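Data block below; observations after.
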Amino acid sequence: VRETMGARIDLEQKRVILPELKMSDAELAKYDRIYIVACGTSMHAGLVGKDVIEKWTRVPVEVAVASEFRYRDPIYTDNTLMIVISQSGETADTLAALREAKKTNVKVMAITNVVGSSVAREADEVLFTWAGPEVAVASTKAYTSQVVTLYLFSLYLAQVKGTLKAAEVAEVVDHLQDIPAKITSLLEDAEQVRHFAESTKGVNSLFFIGRSLDYAVSLEGSLKLKEISYIHSEAYPAGELKHGTLALIEDNVPVVALATQPDIYEKMVSNIVEVKARGARVLGFAMEGNTDLAKSVDEVIYLPTTLPMLAPILTVIPLQLLSYFASVARGLDVDKPRNLAKSVTV
Ligand code: F1P
């Protein structure tokens, strides 16, 4: 959470400020429905945002892929806010969805990294992520900065709507302050992920499972693996496995199981037991202190403890590293993945 971000923390007051927002708090408070529209990694950031906004503000949120949304006939009320997310601000489908929306009266807020981009110019409101240039093609730090911006936006919306108490906001803010050091420790202590990634060398397919916020992050882990390592992978809401997909789990299929959320932890473990019973090799993710998961999986990666709601900011780091090491182990050029452009403008 850098001082330059469009969404910031007021350290003295322990609350969030959005200095770049033009609309008044009264206007923001009136929104009671939100569409989040984006592509690829940005859409996955939106899925984390959906859970967080709904939990903290009780505003219902729908997340849609821009390539589909642009052809829909969305139901906008006077109190609907549309949020478009794009690192580059030039992605064709995201821009087209924004332009369709601008033919109506709906208010559009963009979350983007590029000042002067089409999305930044054409939206009514912009929160810049100020993440610096994305050097590699596949989005990584863009995802993190979009997710953090969505957390801060959710907190701000909760402040103006009064759905969180000042003490509750302050508690989240305190934990957010600790996140950079925790990310550094995950980046520095990557040996276990590298080892697991290297062990997938001969593997054709890999599964990610999780529930709620863990599922949203699973989708991003799976996309990174496809983008830069060219390994077929699927992310499943863990509870959906039993509706067909379990048939694909056989001996030695690697499964990455995210179990960071205490309220649904037991449910996750029962899904892990199901895949283990079919021979899967399971890499689990748990918060530090949860030694119980080690009993049900082959290996565990422990994440520094934080509020369960903030776990996605940390969980995605080892997942990105997993794709990175899998790509390197296959002798691929991580920075120039095939068939992927930095901004998809057609
Ligand atoms: C969307 C996106 C990225 C992906 C790649 C291609 O970009 O799908 O998520 O990693 O760079 O484009 P954007 O709209 O966020 O710029």
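Each chain of the structure tokens is named A, B, ... in the order shown, its residues numbered from 1; ligands are numbered from 1 in display order.
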Could the residues that lie within 10 Å of ligand 1, counting only C-alpha atoms and all ligand atoms, be listed as an MDAnalysis selection string? chainID A and resid 37:45 66 84:95 111:114 119 134 136:140 142:143 146 220 223:224 227:228 337 339:345
Do you know which residues are at most 12 Å from Lys55 in chain A counting only C-alpha atoms, after dropping those on the same chain fewer than 3 positions away, and could you put them as a ChimeraX atom specification? /A:48-52,58-61,151,154-155,157-158,163-164,212-213,309
Restricted to C-alpha atoms, what would the selected residues look like written as a tab-separated table (two decimals), in the first residue's frame?
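The result, stored in part-v2.tsv:
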```
chain	number	residue	atom	x	y	z
A	48	VAL	CA	-11.74	-11.14	-4.92
A	49	GLY	CA	-13.22	-7.62	-4.90
A	50	LYS	CA	-16.75	-9.03	-5.17
A	51	ASP	CA	-16.43	-11.12	-1.99
A	52	VAL	CA	-14.81	-8.27	-0.10
A	58	ARG	CA	-23.53	-5.58	1.87
A	59	VAL	CA	-23.79	-4.25	-1.70
A	60	PRO	CA	-24.45	-7.06	-4.21
A	61	VAL	CA	-21.76	-7.36	-6.86
A	151	TYR	CA	-9.80	-3.72	-0.62
A	154	SER	CA	-14.40	-1.56	-0.19
A	155	LEU	CA	-13.23	-0.09	3.10
A	157	LEU	CA	-17.44	2.39	0.73
A	158	ALA	CA	-17.99	0.73	4.12
A	163	THR	CA	-21.41	-0.78	7.39
A	164	LEU	CA	-18.10	-1.16	9.26
A	212	SER	CA	-14.83	-18.62	-1.53
A	213	LEU	CA	-11.81	-16.25	-1.58
A	309	MET	CA	-10.25	-11.68	4.36
```
Which polymer residues have any atom within 12 Å of an atom of Glu168 in chain A, counting only C-alpha atoms, with same-chain residues fewer than 3 positions away left out, as a PyMOL selection string? chain A and resi 14-15+56+155+158-159+162-165+171-175+307
Could you save the residues just selected, with C-alpha atoms, as a compact mmCIF listing (two decimals), in the first residue's frame?
```txt
# COMPACT_ATOMS: atom_id res chain seq x y z
CA LYS A 14 -6.52 4.62 10.51
CA ARG A 15 -9.05 5.04 7.76
CA TRP A 56 -17.96 -5.28 4.15
CA LEU A 155 -13.23 -0.09 3.10
CA ALA A 158 -17.99 0.73 4.12
CA GLN A 159 -16.91 3.98 5.82
CA GLY A 162 -21.44 2.99 7.84
CA THR A 163 -21.41 -0.78 7.39
CA LEU A 164 -18.10 -1.16 9.26
CA LYS A 165 -17.30 0.53 12.56
CA GLU A 171 -8.09 -3.38 12.38
CA VAL A 172 -7.99 -4.12 8.64
CA VAL A 173 -5.77 -1.10 8.05
CA ASP A 174 -3.30 -2.36 10.68
CA HIS A 175 -3.11 -5.74 8.97
CA LEU A 307 -6.93 -11.56 8.55
```
So which residues touch range 279-295 of chain A within 7 Å, counting only C-alpha atoms, skipping near sequence neighbours fewer than 5 positions away, as a PyMOL selection string? chain A and resi 249-260+300-305
Using N, CA and C atoms, can you export the residues from the last selection as an mmCIF file, in the first residue's frame?
```
data_model
loop_
_atom_site.group_PDB
_atom_site.id
_atom_site.type_symbol
_atom_site.label_atom_id
_atom_site.label_comp_id
_atom_site.auth_asym_id
_atom_site.auth_seq_id
_atom_site.Cartn_x
_atom_site.Cartn_y
_atom_site.Cartn_z
ATOM 1 N N ILE A 249 -9.457 -36.987 -11.473
ATOM 2 C CA ILE A 249 -8.402 -37.105 -10.450
ATOM 3 C C ILE A 249 -7.976 -38.567 -10.363
ATOM 4 N N GLU A 250 -6.744 -38.833 -10.733
ATOM 5 C CA GLU A 250 -6.222 -40.192 -10.641
ATOM 6 C C GLU A 250 -4.826 -40.158 -10.051
ATOM 7 N N ASP A 251 -4.167 -41.302 -10.059
ATOM 8 C CA ASP A 251 -2.854 -41.417 -9.415
ATOM 9 C C ASP A 251 -1.887 -40.326 -9.837
ATOM 10 N N ASN A 252 -1.332 -39.649 -8.850
ATOM 11 C CA ASN A 252 -0.262 -38.665 -9.058
ATOM 12 C C ASN A 252 -0.662 -37.376 -9.760
ATOM 13 N N VAL A 253 -1.949 -37.140 -9.958
ATOM 14 C CA VAL A 253 -2.367 -35.837 -10.503
ATOM 15 C C VAL A 253 -2.100 -34.791 -9.419
ATOM 16 N N PRO A 254 -1.331 -33.731 -9.743
ATOM 17 C CA PRO A 254 -1.083 -32.726 -8.715
ATOM 18 C C PRO A 254 -2.321 -31.858 -8.469
ATOM 19 N N VAL A 255 -2.634 -31.672 -7.210
ATOM 20 C CA VAL A 255 -3.753 -30.797 -6.833
ATOM 21 C C VAL A 255 -3.229 -29.765 -5.840
ATOM 22 N N VAL A 256 -3.452 -28.499 -6.152
ATOM 23 C CA VAL A 256 -3.081 -27.432 -5.225
ATOM 24 C C VAL A 256 -4.355 -27.046 -4.477
ATOM 25 N N ALA A 257 -4.338 -27.261 -3.170
ATOM 26 C CA ALA A 257 -5.558 -27.049 -2.375
ATOM 27 C C ALA A 257 -5.359 -25.868 -1.429
ATOM 28 N N LEU A 258 -6.138 -24.814 -1.622
ATOM 29 C CA LEU A 258 -6.011 -23.628 -0.777
ATOM 30 C C LEU A 258 -6.991 -23.748 0.394
ATOM 31 N N ALA A 259 -6.463 -23.650 1.596
ATOM 32 C CA ALA A 259 -7.322 -23.814 2.791
ATOM 33 C C ALA A 259 -7.004 -22.716 3.800
ATOM 34 N N THR A 260 -7.145 -21.475 3.369
ATOM 35 C CA THR A 260 -6.776 -20.354 4.259
ATOM 36 C C THR A 260 -7.955 -19.815 5.064
ATOM 37 N N VAL A 300 2.705 -28.953 2.764
ATOM 38 C CA VAL A 300 1.968 -27.717 3.068
ATOM 39 C C VAL A 300 2.877 -26.515 2.873
ATOM 40 N N ILE A 301 2.333 -25.474 2.270
ATOM 41 C CA ILE A 301 3.015 -24.181 2.272
ATOM 42 C C ILE A 301 2.262 -23.300 3.267
ATOM 43 N N TYR A 302 3.006 -22.774 4.236
ATOM 44 C CA TYR A 302 2.379 -21.937 5.258
ATOM 45 C C TYR A 302 2.501 -20.469 4.878
ATOM 46 N N LEU A 303 1.388 -19.782 4.981
ATOM 47 C CA LEU A 303 1.368 -18.347 4.675
ATOM 48 C C LEU A 303 1.453 -17.567 5.976
ATOM 49 N N PRO A 304 2.172 -16.441 5.979
ATOM 50 C CA PRO A 304 2.191 -15.621 7.192
ATOM 51 C C PRO A 304 0.759 -15.280 7.596
ATOM 52 N N THR A 305 0.477 -15.298 8.876
ATOM 53 C CA THR A 305 -0.911 -15.067 9.291
ATOM 54 C C THR A 305 -1.334 -13.625 9.022
#
```
Grab the CA of Asn105 in chain A to CA of Tyr71 in chain A distance for me, in Å with one decimal place.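 Straight-line distance from CA of Asn105 in chain A to CA of Tyr71 in chain A works out to 17.4 Å.
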Please identify all polymer residues within 7 Å of Val160 in chain A, counting only C-alpha atoms, omitting same-chain residues fewer than 4 positions from it, and present them as a ChimeraX atom specification. /A:25,29,156
Write out as a JSON list (two decimals) with C-alpha atoms, in the first residue's frame which residues come within 12 Å of Thr245 in chain A when counting only C-alpha atoms, dropping same-chain ones fewer than 6 positions away.
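Writing the result to part_32.json gives the following:
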```json
[["chain", "number", "residue", "atom", "x", "y", "z"],
["A", 207, "PHE", "CA", -5.88, -28.83, -10.53],
["A", 208, "PHE", "CA", -6.45, -25.97, -8.13],
["A", 209, "ILE", "CA", -9.22, -26.21, -5.58],
["A", 234, "GLU", "CA", -8.30, -26.10, -14.00],
["A", 235, "ALA", "CA", -9.47, -24.23, -10.95],
["A", 236, "TYR", "CA", -12.54, -25.62, -9.24],
["A", 237, "PRO", "CA", -14.71, -24.49, -6.39],
["A", 238, "ALA", "CA", -13.84, -27.44, -4.14],
["A", 239, "GLY", "CA", -17.49, -28.31, -3.51],
["A", 274, "GLU", "CA", -11.76, -37.07, -1.59],
["A", 275, "VAL", "CA", -8.95, -36.22, -4.04],
["A", 278, "ARG", "CA", -8.18, -41.08, -5.75]]
```
DSSP on the backbone: what in range 36-278 of chain A comes out strand (DSSP E), as a PyMOL selection string? chain A and resi 36-38+61-65+80-86+107-112+125-128+205-210+232-237+254-258
Between CA of Thr129 in chain A and CA of Asp32 in chain A, what is the spacing in Å?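 Pair CA of Asp32 in chain A / CA of Thr129 in chain A returns 24.2 Å.
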Taking the chain letters and numbering used in this document, name the residues of range 72-250 of chain A that DSSP puts in helix (DSSP H, G or I), as number ranges by chain. A: 92-102, 118-122, 141-161, 166-188, 191-198, 213-229, 238-243, 245-248
Nearest candidate to Thr57 in chain A (options A:Lys141, A:Glu122, A:Ile83, A:Lys161; using only C-alpha atoms): A:Lys161
